[in-house]
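Participant: Dropping in input21.cif, with mmCIF, C-alpha atoms (C1' of nucleotides).
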data_input
#
loop_
_atom_site.label_atom_id
_atom_site.label_comp_id
_atom_site.auth_asym_id
_atom_site.auth_seq_id
_atom_site.Cartn_x
_atom_site.Cartn_y
_atom_site.Cartn_z
CA MET A 1 12.23 27.89 -4.87
CA ARG A 2 11.80 24.62 -6.73
CA TYR A 3 13.79 21.62 -5.50
CA SER A 4 17.11 20.92 -7.15
CA GLN A 5 19.64 18.28 -6.27
CA GLN A 6 22.49 20.73 -6.91
CA ARG A 7 21.20 23.31 -4.40
CA ASP A 8 20.48 20.59 -1.87
CA LEU A 9 24.04 19.28 -2.14
CA ILE A 10 25.44 22.81 -1.83
CA LEU A 11 23.43 23.45 1.34
CA GLN A 12 24.40 20.09 2.84
CA SER A 13 28.08 20.68 2.09
CA ILE A 14 28.02 24.07 3.80
CA ARG A 15 26.18 22.67 6.82
CA ALA A 16 28.65 19.78 7.09
CA VAL A 17 31.59 22.05 7.90
CA ASP A 18 32.39 24.94 10.23
CA THR A 19 35.24 26.27 8.11
CA HIS A 20 33.31 29.06 6.33
CA PRO A 21 34.12 27.88 2.80
CA ASN A 22 34.23 30.21 -0.19
CA ALA A 23 32.65 29.51 -3.59
CA GLN A 24 35.71 27.63 -4.84
CA ASP A 25 35.83 25.45 -1.70
CA ILE A 26 32.14 24.65 -2.11
CA LEU A 27 32.61 23.77 -5.77
CA THR A 28 35.36 21.33 -4.81
CA MET A 29 33.25 19.76 -2.03
CA VAL A 30 30.15 19.32 -4.20
CA GLN A 31 32.13 18.08 -7.20
CA SER A 32 33.16 14.99 -5.28
CA ASN A 33 29.48 13.89 -5.29
CA PHE A 34 28.37 15.64 -8.46
CA PRO A 35 31.24 16.07 -10.91
CA THR A 36 29.35 17.97 -13.61
CA ILE A 37 28.32 20.92 -11.40
CA SER A 38 29.64 24.27 -12.60
CA MET A 39 30.74 27.46 -10.87
CA GLY A 40 27.78 29.40 -12.28
CA THR A 41 25.45 26.98 -10.52
CA ILE A 42 27.37 27.37 -7.27
CA TYR A 43 27.11 31.17 -7.30
CA ARG A 44 23.46 31.24 -8.42
CA ASN A 45 22.41 28.88 -5.65
CA LEU A 46 24.56 30.54 -3.00
CA SER A 47 22.82 33.84 -3.60
CA GLN A 48 19.42 32.15 -3.43
CA LEU A 49 20.33 30.44 -0.17
CA VAL A 50 21.55 33.77 1.25
CA ASN A 51 18.39 35.59 0.11
CA ASN A 52 16.25 32.92 1.73
CA LYS A 53 18.35 33.19 4.90
CA LEU A 54 19.34 29.53 4.90
CA ILE A 55 23.02 30.48 5.05
CA LEU A 56 25.04 33.58 5.93
CA GLU A 57 27.47 35.40 3.68
CA LEU A 58 30.63 36.90 5.19
CA THR A 59 33.32 38.81 3.34
CA PHE A 60 36.98 38.46 4.29
CA ASN A 61 39.70 40.14 2.25
CA GLY A 62 37.18 40.86 -0.46
CA VAL A 63 36.14 37.21 -0.88
CA SER A 64 32.71 35.85 0.08
CA HIS A 65 32.58 32.99 2.55
CA TYR A 66 29.49 31.06 3.56
CA ASP A 67 28.25 29.93 6.96
CA GLY A 68 25.59 27.28 7.56
CA ASN A 69 25.17 28.40 11.18
CA ILE A 70 22.52 31.10 10.98
CA TYR A 71 22.24 31.72 14.73
CA ASP A 72 23.58 34.92 16.30
CA HIS A 73 27.31 34.42 16.57
CA GLN A 74 30.45 36.27 15.57
CA HIS A 75 33.84 35.52 14.01
CA PHE A 76 37.53 35.64 14.69
CA TYR A 77 39.93 35.95 11.76
CA CYS A 78 43.48 34.72 12.24
CA THR A 79 45.81 36.97 10.29
CA GLN A 80 48.48 34.28 10.34
CA CYS A 81 46.72 31.07 9.18
CA LYS A 82 43.78 32.98 7.60
CA SER A 83 41.22 30.72 9.26
CA ILE A 84 37.80 31.98 10.31
CA ILE A 85 36.71 30.74 13.73
CA ASP A 86 33.23 30.95 15.26
CA CYS A 87 32.83 32.99 18.46
CA ASN A 88 30.04 32.32 20.87
CA ILE A 89 29.16 35.99 21.30
CA THR A 90 25.78 37.54 20.55
CA SER A 91 25.39 40.95 19.00
CA SER A 92 21.90 41.77 20.29
CA ASN A 93 23.07 43.81 23.30
CA ILE A 94 25.45 45.92 21.25
CA LEU A 95 22.78 46.44 18.62
CA LYS A 96 20.28 47.58 21.28
CA LYS A 97 22.82 49.99 22.72
CA PHE A 98 23.58 51.37 19.27
CA LEU A 99 19.90 51.85 18.43
CA LYS A 100 19.48 54.03 21.52
CA SER A 101 22.35 56.28 20.43
CA THR A 102 21.40 56.80 16.77
CA LYS A 103 18.65 57.72 14.36
CA HIS A 104 19.65 55.06 11.87
CA ASP A 105 17.50 51.98 11.66
CA ALA A 106 20.11 49.28 12.27
CA GLN A 107 18.80 45.78 11.74
CA ASN A 108 22.00 43.85 11.86
CA CYS A 109 25.38 43.85 13.57
CA GLN A 110 28.46 41.92 12.61
CA ILE A 111 31.52 41.82 14.81
CA LEU A 112 34.86 40.68 13.49
CA PHE A 113 37.72 40.06 15.85
CA SER A 114 41.16 39.56 14.38
CA GLY A 115 44.61 38.65 15.58
CA THR A 116 46.53 35.43 16.10
CA CYS A 117 44.56 32.28 16.86
CA HIS A 118 45.40 29.96 19.73
CA ASP A 119 46.98 27.36 17.43
CA CYS A 120 49.26 29.83 15.69
CA LYS A 121 50.24 31.43 19.00
CA SER A 122 51.32 28.15 20.60
CA LYS A 123 52.92 26.56 17.54
CA PRO A 124 56.44 27.69 16.77
CA LYS A 125 56.65 29.58 13.48
CA LYS A 126 57.46 27.45 10.49
CA GLU A 127 61.15 27.46 9.79
CA ILE A 128 62.15 28.29 6.27
CA ALA A 129 64.55 25.74 4.79
CA CYS A 130 67.89 27.03 3.55
CA MET B 1 58.98 55.52 3.03
CA ARG B 2 60.44 58.21 0.82
CA TYR B 3 58.37 61.30 0.15
CA SER B 4 56.26 61.36 -2.99
CA GLN B 5 53.81 63.99 -4.15
CA GLN B 6 51.41 61.32 -5.36
CA ARG B 7 51.19 59.56 -1.99
CA ASP B 8 50.85 62.87 -0.21
CA LEU B 9 47.92 63.88 -2.43
CA ILE B 10 46.29 60.48 -1.91
CA LEU B 11 46.53 60.81 1.86
CA GLN B 12 45.21 64.39 1.81
CA SER B 13 42.28 63.41 -0.39
CA ILE B 14 41.28 60.62 1.95
CA ARG B 15 41.61 62.86 5.00
CA ALA B 16 39.51 65.57 3.35
CA VAL B 17 36.37 63.43 3.22
CA ASP B 18 34.37 61.22 5.58
CA THR B 19 32.74 59.22 2.81
CA HIS B 20 35.04 56.18 2.94
CA PRO B 21 36.07 56.33 -0.73
CA ASN B 22 37.20 53.27 -2.71
CA ALA B 23 40.23 53.14 -5.02
CA GLN B 24 38.25 54.45 -8.01
CA ASP B 25 36.84 57.38 -5.98
CA ILE B 26 40.34 58.25 -4.80
CA LEU B 27 41.70 58.10 -8.36
CA THR B 28 39.01 60.54 -9.45
CA MET B 29 39.71 62.89 -6.53
CA VAL B 30 43.48 62.93 -7.01
CA GLN B 31 43.24 63.22 -10.80
CA SER B 32 41.68 66.67 -10.45
CA ASN B 33 45.01 67.92 -9.02
CA PHE B 34 47.32 65.46 -10.72
CA PRO B 35 45.90 64.24 -14.03
CA THR B 36 48.68 61.79 -14.95
CA ILE B 37 48.32 59.60 -11.84
CA SER B 38 47.46 55.97 -12.59
CA MET B 39 45.44 53.31 -10.82
CA GLY B 40 48.55 51.23 -10.11
CA THR B 41 49.99 54.15 -8.16
CA ILE B 42 46.75 54.54 -6.22
CA TYR B 43 46.69 50.89 -5.14
CA ARG B 44 50.42 50.72 -4.36
CA ASN B 45 50.25 53.79 -2.14
CA LEU B 46 47.00 52.77 -0.48
CA SER B 47 48.55 49.54 0.68
CA GLN B 48 51.61 51.40 1.98
CA LEU B 49 49.42 53.87 3.86
CA VAL B 50 47.44 50.98 5.36
CA ASN B 51 50.61 49.10 6.35
CA ASN B 52 51.95 52.23 8.02
CA LYS B 53 48.59 52.68 9.79
CA LEU B 54 48.01 56.15 8.37
CA ILE B 55 44.62 55.06 7.01
CA LEU B 56 42.19 52.20 7.64
CA GLU B 57 40.96 49.70 5.07
CA LEU B 58 37.37 48.48 5.26
CA THR B 59 35.73 45.98 2.94
CA PHE B 60 32.09 46.33 1.95
CA ASN B 61 30.53 43.99 -0.58
CA GLY B 62 33.95 42.77 -1.52
CA VAL B 63 35.32 46.24 -2.35
CA SER B 64 37.99 47.99 -0.29
CA HIS B 65 37.16 51.42 1.10
CA TYR B 66 39.58 53.72 2.90
CA ASP B 67 39.16 55.80 6.04
CA GLY B 68 41.41 58.67 7.10
CA ASN B 69 40.02 58.56 10.64
CA ILE B 70 42.24 56.09 12.44
CA TYR B 71 40.71 56.50 15.89
CA ASP B 72 38.57 53.77 17.43
CA HIS B 73 35.18 54.10 15.78
CA GLN B 74 32.75 51.86 13.95
CA HIS B 75 30.54 51.93 10.85
CA PHE B 76 26.95 51.77 9.73
CA TYR B 77 26.20 50.55 6.21
CA CYS B 78 22.92 51.63 4.63
CA THR B 79 21.64 48.77 2.48
CA GLN B 80 19.46 51.21 0.54
CA CYS B 81 21.75 54.12 -0.43
CA LYS B 82 24.96 52.06 0.13
CA SER B 83 26.58 54.84 2.13
CA ILE B 84 29.01 54.12 4.96
CA ILE B 85 28.47 56.27 8.02
CA ASP B 86 30.81 56.71 11.00
CA CYS B 87 29.52 55.62 14.41
CA ASN B 88 30.91 57.06 17.59
CA ILE B 89 31.22 53.70 19.32
CA THR B 90 34.43 52.23 20.66
CA SER B 91 35.28 48.57 20.44
CA SER B 92 37.68 48.33 23.37
CA ASN B 93 35.10 47.09 25.89
CA ILE B 94 33.82 44.38 23.57
CA LEU B 95 37.38 43.38 22.77
CA LYS B 96 38.26 43.13 26.48
CA LYS B 97 35.18 41.01 27.14
CA PHE B 98 36.05 38.75 24.22
CA LEU B 99 39.65 38.31 25.37
CA LYS B 100 38.40 37.02 28.74
CA SER B 101 36.27 34.38 27.04
CA THR B 102 38.77 33.01 24.55
CA LYS B 103 42.27 31.65 24.04
CA HIS B 104 42.73 33.51 20.78
CA ASP B 105 44.93 36.56 20.83
CA ALA B 106 42.52 39.17 19.42
CA GLN B 107 44.18 42.48 18.69
CA ASN B 108 41.43 44.16 16.77
CA CYS B 109 37.65 44.36 16.62
CA GLN B 110 35.52 45.78 13.83
CA ILE B 111 31.79 46.25 14.26
CA LEU B 112 29.55 46.77 11.27
CA PHE B 113 25.95 47.81 11.78
CA SER B 114 23.65 47.66 8.78
CA GLY B 115 20.10 48.62 7.95
CA THR B 116 18.39 51.74 6.65
CA CYS B 117 19.99 55.10 7.39
CA HIS B 118 18.04 58.04 8.80
CA ASP B 119 17.88 59.84 5.45
CA CYS B 120 16.54 56.83 3.55
CA LYS B 121 14.04 56.10 6.31
CA SER B 122 12.52 59.58 6.30
CA LYS B 123 12.67 60.23 2.56
CA PRO B 124 9.82 58.72 0.53
CA LYS B 125 11.06 56.02 -1.83
CA LYS B 126 11.87 57.23 -5.30
CA GLU B 127 8.93 56.77 -7.61
CA ILE B 128 9.63 54.98 -10.84
CA ALA B 129 8.39 56.89 -13.86
CA CYS B 130 5.86 55.13 -16.13
"C1'" DA C 1 1.08 13.43 -20.88
"C1'" DA C 2 1.79 18.18 -22.16
"C1'" DA C 3 2.89 22.75 -20.81
"C1'" DT C 4 5.75 25.95 -18.36
"C1'" DA C 5 8.61 27.98 -15.41
"C1'" DA C 6 12.78 27.22 -12.80
"C1'" DG C 7 17.17 25.30 -12.98
"C1'" DT C 8 21.69 23.86 -15.31
"C1'" DA C 9 26.36 23.74 -17.77
"C1'" DG C 10 29.76 26.10 -19.45
"C1'" DG C 11 31.82 29.74 -21.52
"C1'" DA C 12 32.06 34.94 -22.17
"C1'" DA C 13 32.09 39.31 -19.86
"C1'" DT C 14 33.06 42.43 -15.99
"C1'" DA C 15 35.30 44.55 -12.18
"C1'" DA C 16 38.63 44.93 -8.52
"C1'" DT C 17 43.18 44.21 -7.74
"C1'" DT C 18 48.01 42.81 -8.51
"C1'" DC C 19 51.99 42.34 -11.35
"C1'" DC C 20 55.52 43.77 -14.68
"C1'" DT C 21 58.74 46.79 -17.19
"C1'" DA C 22 61.06 50.63 -18.53
"C1'" DC C 23 61.45 55.29 -17.01
"C1'" DT C 24 61.77 59.08 -13.27
"C1'" DT C 25 62.89 61.24 -8.90
"C1'" DA C 26 64.08 61.81 -3.90
"C1'" DT C 27 67.77 60.97 -1.00
"C1'" DT C 28 72.52 59.65 0.17
"C1'" DT C 29 77.29 59.62 -0.63
"C1'" DT C 30 81.34 61.47 -2.24
"C1'" DA D 1 77.19 70.05 -6.43
"C1'" DA D 2 77.45 65.69 -9.15
"C1'" DA D 3 77.04 60.78 -9.17
"C1'" DA D 4 75.08 56.70 -7.35
"C1'" DT D 5 71.14 54.12 -5.80
"C1'" DA D 6 67.08 52.77 -4.15
"C1'" DA D 7 62.25 53.99 -4.08
"C1'" DG D 8 58.56 55.56 -6.78
"C1'" DT D 9 55.75 56.05 -11.25
"C1'" DA D 10 52.82 55.26 -15.55
"C1'" DG D 11 50.44 52.35 -17.99
"C1'" DG D 12 49.24 48.18 -19.70
"C1'" DA D 13 48.95 43.05 -19.08
"C1'" DA D 14 47.55 39.40 -16.01
"C1'" DT D 15 44.79 37.44 -12.36
"C1'" DT D 16 40.82 36.41 -9.61
"C1'" DA D 17 36.17 36.58 -7.94
"C1'" DT D 18 31.86 37.15 -9.59
"C1'" DT D 19 28.02 37.93 -12.86
"C1'" DC D 20 25.85 37.32 -17.21
"C1'" DC D 21 24.21 34.83 -21.30
"C1'" DT D 22 22.39 31.03 -24.13
"C1'" DA D 23 20.72 26.84 -25.35
"C1'" DC D 24 19.43 22.71 -23.02
"C1'" DT D 25 17.19 19.98 -19.03
"C1'" DT D 26 14.03 18.93 -15.27
"C1'" DA D 27 10.62 19.56 -11.45
"C1'" DT D 28 6.05 20.80 -10.93
"C1'" DT D 29 1.38 22.01 -12.46
"C1'" DT D 30 -2.53 21.33 -15.27
#
Using the file provided, produce a representation of the structure as structure tokens.
Facilitator:
Amino acid sequence: MRYSQQRDLILQSIRAVDTHPNAQDILTMVQSNFPTISMGTIYRNLSQLVNNKLILELTFNGVSHYDGNIYDHQHFYCTQCKSIIDCNITSSNILKKFLKSTKHDAQNCQILFSGTCHDCKSKPKKEIAC
Amino acid sequence: MRYSQQRDLILQSIRAVDTHPNAQDILTMVQSNFPTISMGTIYRNLSQLVNNKLILELTFNGVSHYDGNIYDHQHFYCTQCKSIIDCNITSSNILKKFLKSTKHDAQNCQILFSGTCHDCKSKPKKEIAC
DNA sequence: AAATAAGTAGGAATAATTCCTACTTATTTT
DNA sequence: AAAATAAGTAGGAATTATTCCTACTTATTT
């Protein structure tokens, strides 16, 4: 991989947040520093960064989201506000257990919790104006 | 939900297999009994069946797949042959553990293992003809 | 400094999914 | 049983995320 300012900015933008942005979010973030960048460039570089394991790709509702935290951790998806929240839970134990029970060669394990996040639970539901 | 032959056939088709078909697969299956069914009908009924918890929806590589087995079980995704294989592992223990460690109200937990399945591991890789 | 291989912008193409409209059918009411 | 009505359908258009293509640019090597 040859250096490019575009890819560098994309990686920095992803690392700067813990919100698990999608391609469109990343385009918007990078555009503020580099207005001529295009969506093709975003997607091409995202797949390179994923292939080189510099970022993680996660799919929620059929849309790819990207995570600059590549350490073993899991995610919680709030079905109300749609936010994706990091969980400090490792998957290695579950993976080990699974490997003992199967003939498949599992190399990875992703756990996705879902429900209502703490914020949505405590906040009263938005009232709809008449 | 009023009865319809189309929805009934869709549900039966999904229950008849353990291959986790996507919308296109289901269209093809149902068309063999009901040639005039359309993709719009497939999608509309799939989302009703999911909402009524008669089937599960799983997303792999950004594509929705459907599962007629609604009991607590998990999945293994083979990165080589792309097949989705059921795993006889429950998530309730992991979910309980998670609930103790967090303020989020998790109601669901999906675990996805991935790697090379037993078949792909034992079979020699396909040779490419010269 | 010249060569070249990788990267870029931006628009076209593709694929999964949702939306829309006029028609049909299962169910309820009389 | 016939009429009313609300849910369902076919099929095509629209939308959205993503990939592909082409001519141009730039980082790196020689």
Participant: Starting from the displayed file, determine the output of the PyMOL selection byres ((chain B and resi 27) around 8) and express the residue list as a list in words.
Facilitator: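 Expected selection for the PyMOL selection byres ((chain B and resi 27) around 8) here is Ala23, Gln24, Asp25, Ile26, Thr28, Met29, Val30, Gln31, Ile37, Ser38, Met39 and Ile42 of chain B.
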Participant: Select all residues from chain B having any atom no more than 10 Å from an atom of chain C (counting only C-alpha atoms (C1' of nucleotides), ignoring ligands), output as a PyMOL selection string.
Facilitator: chain B and resi 2-4+23-24+39-40+43-44+62-64
Participant: From the list B:Asn22, B:Gln48, B:Thr59, B:Thr79, which residue is nearest chain A when using only C-alpha atoms?
Facilitator: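 Nearest candidate to chain A out of B:Asn22, B:Gln48, B:Thr59, B:Thr79: B:Thr59.
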Participant: Write out, as JSON lines, each residue of chain D that has an atom at most 9 Å from chain B, together with the closest pair of atoms and their distance in Å to one decimal, counting all atoms listed in the file, rows going by chain and rising number.
Facilitator:
{"residue": "D:DA7", "atom": "C1'", "partner": "B:Arg2", "partner_atom": "CA", "distance": 6.7}
{"residue": "D:DG8", "atom": "C1'", "partner": "B:Ser4", "partner_atom": "CA", "distance": 7.3}
{"residue": "D:DT9", "atom": "C1'", "partner": "B:Thr41", "partner_atom": "CA", "distance": 6.8}
{"residue": "D:DA10", "atom": "C1'", "partner": "B:Ser38", "partner_atom": "CA", "distance": 6.2}
{"residue": "D:DG11", "atom": "C1'", "partner": "B:Ser38", "partner_atom": "CA", "distance": 7.2}
Participant: Check what the PyMOL selection byres ((chain A) within 10 of (chain B)) selects in the file above and give those residues as a ChimeraX atom specification.
Facilitator: /A:58-64,75-79,85,87-89,91,94-95,97-99,101-121
Participant: Mind giving me the straight-line distance from CA of Ile14 in chain B to CA of Lys82 in chain B in Å, one decimal?
Facilitator: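 Computing it gives 18.5 Å between the two atoms.
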Participant: Work out how far apart CA of Asn51 in chain A and CA of Pro21 in chain A are and give it in Å to one decimal.
Facilitator: 17.7 Å
Participant: First collect every listed atom of range 102-113 of chain A; then fit an axis-aligned box around them, widen it by 4 Å on each side, and give centre and edge lengths in Å to one decimal, as AutoDock Vina command-line options.
Facilitator:
--center_x 27.6 --center_y 48.9 --center_z 14.2 --size_x 28.2 --size_y 25.7 --size_z 13.1
Participant: Need the shell around Thr90 in chain B: protein/DNA/RNA residues with any atom at most 8 Å away, counting all atoms listed in the file. Skip same-chain ones fewer than 6 positions apart. Format as a PyMOL selection string?
Facilitator: chain B and resi 72-74
Participant: One decimal, in Å: what's the spacing between CA of Ile55 in chain B and CA of Gly68 in chain B?
Facilitator: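 Going from CA of Ile55 in chain B over to CA of Gly68 in chain B covers 4.8 Å.
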